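What follows is a short report on a single structure.
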Amino acid sequence: GKDYESQSAGVKILNNADHTLKGNQFKESIEDYENMFSGAREQTGAITSVESVEVRKEKYADMVNHFYNLVTDFYEWGWGQSFHFAPRWINETFKESLLRAEYHLANRLELRPGQKVLDLGCGVGGPMRNIARFSGANIEGITINHYQVIVGNKYNASWGLENQCKSNQGDFQKLPWADNHFDACYQIEATCHSPDRVETFTGVNRVLKPGGLFAGYDWVVTDKYNPDNKNHVRIKEGIEVGNGLPTLATPEHICECL
C-alpha cells in the first residue's frame, strides 16, 4: 500500500506507531513461534510428526497471531495489500493477476450492491476493498491479528470505504455474528491456518443465510505428494513453517470437511 511505496519505506517495518508489539515483544514472539516448529529445517520430517502437528493445532491462535505480527509489514512492503497468489497470464502484471483472481471470486459468488459479505481471514483488507469496489457489496472481514485490524481499517478510511468495509478482530473458528447474517462468504488462502476445518466451515454455514454461497482459494498438497520422498516432505515443511500452518491438507480432505 501507500505506506510502503517509497524507497525508504523499509524503515517502517516492525517500527511504526500502529504496531501492537514493541521492543522485546518481537523477540518473544519469534521464540514462541519457532518453538511450535521445533526441528524445522534442521531435520526433515521433524514437524510432520503427529505430535508436532497437534502442538500447532492446539496453539493455532498464538501461532497465527505471532506469524502475522511478524510478517504483515514484510508482506505489505514486498507484496502489496492482497496477501495471496494468483495465476498470471502472459503480458499481465502481478497486480492485475491478483485483481482478476479476486474479481473471479466475486463473480462466482454473484455479489451485488448492498449484500452483506464475510471475508474470512481478511489480513489488511486488500481483497475486501477491491471486491467491495468491484461488486458494490458491503464486506466485513475477520482476522485474529489486532495489528492487521488497525491497518486494515485505516486503509478502509483512506480509500473512502469506511461505510462499506470493516475489519474485525476475532477467531474464524468462533465467528461472532448471529445466524443467517451474511449473503455470501469467501476466504483467500486463509483456512489453511485452521486447526479444524469442519469447525471453520460449520461456523461459515451458520452465519450464511439459506442459499448463501461460500468460495475460496487454499493451499493444498496434490496427489503427486509422496510422504516417503524426503524432498517432497522438505518442501511441504518449508511452506508450513514459512506460512504459519498446522499442516497442509489435500483437496479431498478439504472437500470432506465442507
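Scheme for the C-alpha cells: letters A, B, ... for chains in order shown; per-chain residue numbers from 1; ligand numbers from 1 in order shown.
Secondary structure by DSSP on the backbone puts the following residues of stretch 2-142 of chain A in strand (DSSP E): Lys116, Val117, Leu118, Asp119, Leu120, Asn138, Ile139, Glu140, Gly141 and Ile142 of chain A.
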Those residues with C-alpha atoms, as a PDB file, in the first residue's frame please?
```
ATOM      1  CA  LYS A 116     -23.594  -8.473   3.301  1.00  0.00           C
ATOM      2  CA  VAL A 117     -20.406 -10.471   2.722  1.00  0.00           C
ATOM      3  CA  LEU A 118     -17.858 -12.035   5.081  1.00  0.00           C
ATOM      4  CA  ASP A 119     -14.118 -12.093   4.329  1.00  0.00           C
ATOM      5  CA  LEU A 120     -12.750 -14.994   6.367  1.00  0.00           C
ATOM      6  CA  ASN A 138     -20.766  -4.454   1.977  1.00  0.00           C
ATOM      7  CA  ILE A 139     -17.929  -6.569   3.354  1.00  0.00           C
ATOM      8  CA  GLU A 140     -16.879  -7.353   6.891  1.00  0.00           C
ATOM      9  CA  GLY A 141     -13.594  -9.115   7.484  1.00  0.00           C
ATOM     10  CA  ILE A 142     -12.288 -11.095  10.423  1.00  0.00           C
TER      11      ILE A 142
END
```
Enumerate, in order of chain and increasing residue number, the residues of stretch 188-219 of chain A with an atom no farther than 12 Å from stretch 53-71 of chain A, each with its shortest atom pair and distance in Å to one decimal, counting only C-alpha atoms, as a tab-separated table.
```
residue	atom	partner	partner_atom	distance
A:Ala190	CA	A:Val64	CA	10.3
A:Thr191	CA	A:Val64	CA	11.2
A:Cys192	CA	A:Val64	CA	10.6
A:His193	CA	A:Val64	CA	7.1
A:Ser194	CA	A:Tyr60	CA	7.3
A:Pro195	CA	A:Lys57	CA	4.7
A:Asp196	CA	A:Lys57	CA	7.9
A:Arg197	CA	A:Lys57	CA	11.1
```
For those residues, write N, CA, C and O atoms to a file as a PDB file, in the first residue's frame.
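To be explicit, this is the file written out as out09.pdb:
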```
ATOM      1  N   ALA A 190      -6.664 -18.597   3.537  1.00  0.00           N
ATOM      2  CA  ALA A 190      -6.796 -18.301   4.965  1.00  0.00           C
ATOM      3  C   ALA A 190      -7.112 -19.542   5.785  1.00  0.00           C
ATOM      4  O   ALA A 190      -6.541 -19.732   6.865  1.00  0.00           O
ATOM      5  N   THR A 191      -8.019 -20.396   5.313  1.00  0.00           N
ATOM      6  CA  THR A 191      -8.407 -21.547   6.125  1.00  0.00           C
ATOM      7  C   THR A 191      -7.315 -22.603   6.190  1.00  0.00           C
ATOM      8  O   THR A 191      -7.449 -23.570   6.939  1.00  0.00           O
ATOM      9  N   CYS A 192      -6.230 -22.406   5.452  1.00  0.00           N
ATOM     10  CA  CYS A 192      -5.061 -23.279   5.621  1.00  0.00           C
ATOM     11  C   CYS A 192      -4.474 -23.127   7.024  1.00  0.00           C
ATOM     12  O   CYS A 192      -3.755 -24.009   7.506  1.00  0.00           O
ATOM     13  N   HIS A 193      -4.789 -22.035   7.714  1.00  0.00           N
ATOM     14  CA  HIS A 193      -4.345 -21.832   9.093  1.00  0.00           C
ATOM     15  C   HIS A 193      -5.223 -22.574  10.108  1.00  0.00           C
ATOM     16  O   HIS A 193      -4.862 -22.665  11.286  1.00  0.00           O
ATOM     17  N   SER A 194      -6.356 -23.071   9.664  1.00  0.00           N
ATOM     18  CA  SER A 194      -7.330 -23.652  10.591  1.00  0.00           C
ATOM     19  C   SER A 194      -6.840 -24.964  11.197  1.00  0.00           C
ATOM     20  O   SER A 194      -6.317 -25.823  10.494  1.00  0.00           O
ATOM     21  N   PRO A 195      -7.069 -25.157  12.501  1.00  0.00           N
ATOM     22  CA  PRO A 195      -6.726 -26.432  13.128  1.00  0.00           C
ATOM     23  C   PRO A 195      -7.811 -27.484  12.921  1.00  0.00           C
ATOM     24  O   PRO A 195      -7.592 -28.670  13.142  1.00  0.00           O
ATOM     25  N   ASP A 196      -9.001 -27.035  12.495  1.00  0.00           N
ATOM     26  CA  ASP A 196     -10.139 -27.940  12.332  1.00  0.00           C
ATOM     27  C   ASP A 196     -11.094 -27.308  11.318  1.00  0.00           C
ATOM     28  O   ASP A 196     -11.936 -26.475  11.665  1.00  0.00           O
ATOM     29  N   ARG A 197     -10.986 -27.728  10.058  1.00  0.00           N
ATOM     30  CA  ARG A 197     -11.789 -27.111   9.008  1.00  0.00           C
ATOM     31  C   ARG A 197     -13.278 -27.419   9.148  1.00  0.00           C
ATOM     32  O   ARG A 197     -14.116 -26.626   8.714  1.00  0.00           O
TER      33      ARG A 197
END
```
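The gap separating atom CA of A:Ile131 from atom CA of A:Ala106 is 6.4 Å, in Å to one decimal.
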Exercise. Have a look at A:Thr44, A:Arg129, A:Gly203, A:Leu21 and name the one nearest to A:Asn163; count only C-alpha atoms.
Key: A:Arg129
Self-check item: Backbone DSSP call of alpha helix (DSSP H) for stretch 7-256 of chain A, listed as a VMD selection string
Solution: chain A and resid 25 to 36 50 to 58 60 to 78 94 to 108 126 to 135 146 to 158 197 to 207 230 to 243 251 to 256
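In this structure, atom CA of A:Gln169 sits 5.8 Å away from atom CA of A:His146.
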Self-check item: Top pick for closest residue to A:Gly242, considering A:Trp177, A:Phe37, A:Tyr155, A:Tyr225 and counting only C-alpha atoms
Solution: A:Phe37
Quiz item: Between atom CA of A:Ala101 and atom CA of A:Leu161, what is the spacing in Å?
Solution: 20.8 Å
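With distances taken over only C-alpha atoms, A:Phe201 is the one residue among A:Trp89, A:Trp77, A:Phe201, A:Phe172 lying closest to A:Glu256.
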Exercise. Might you pull out every residue within 7 Å of A:Gly45, with only C-alpha atoms counted and same-chain residues fewer than 3 positions away left off, and present them as a PyMOL selection string?
Key: chain A and resi 48-49+233
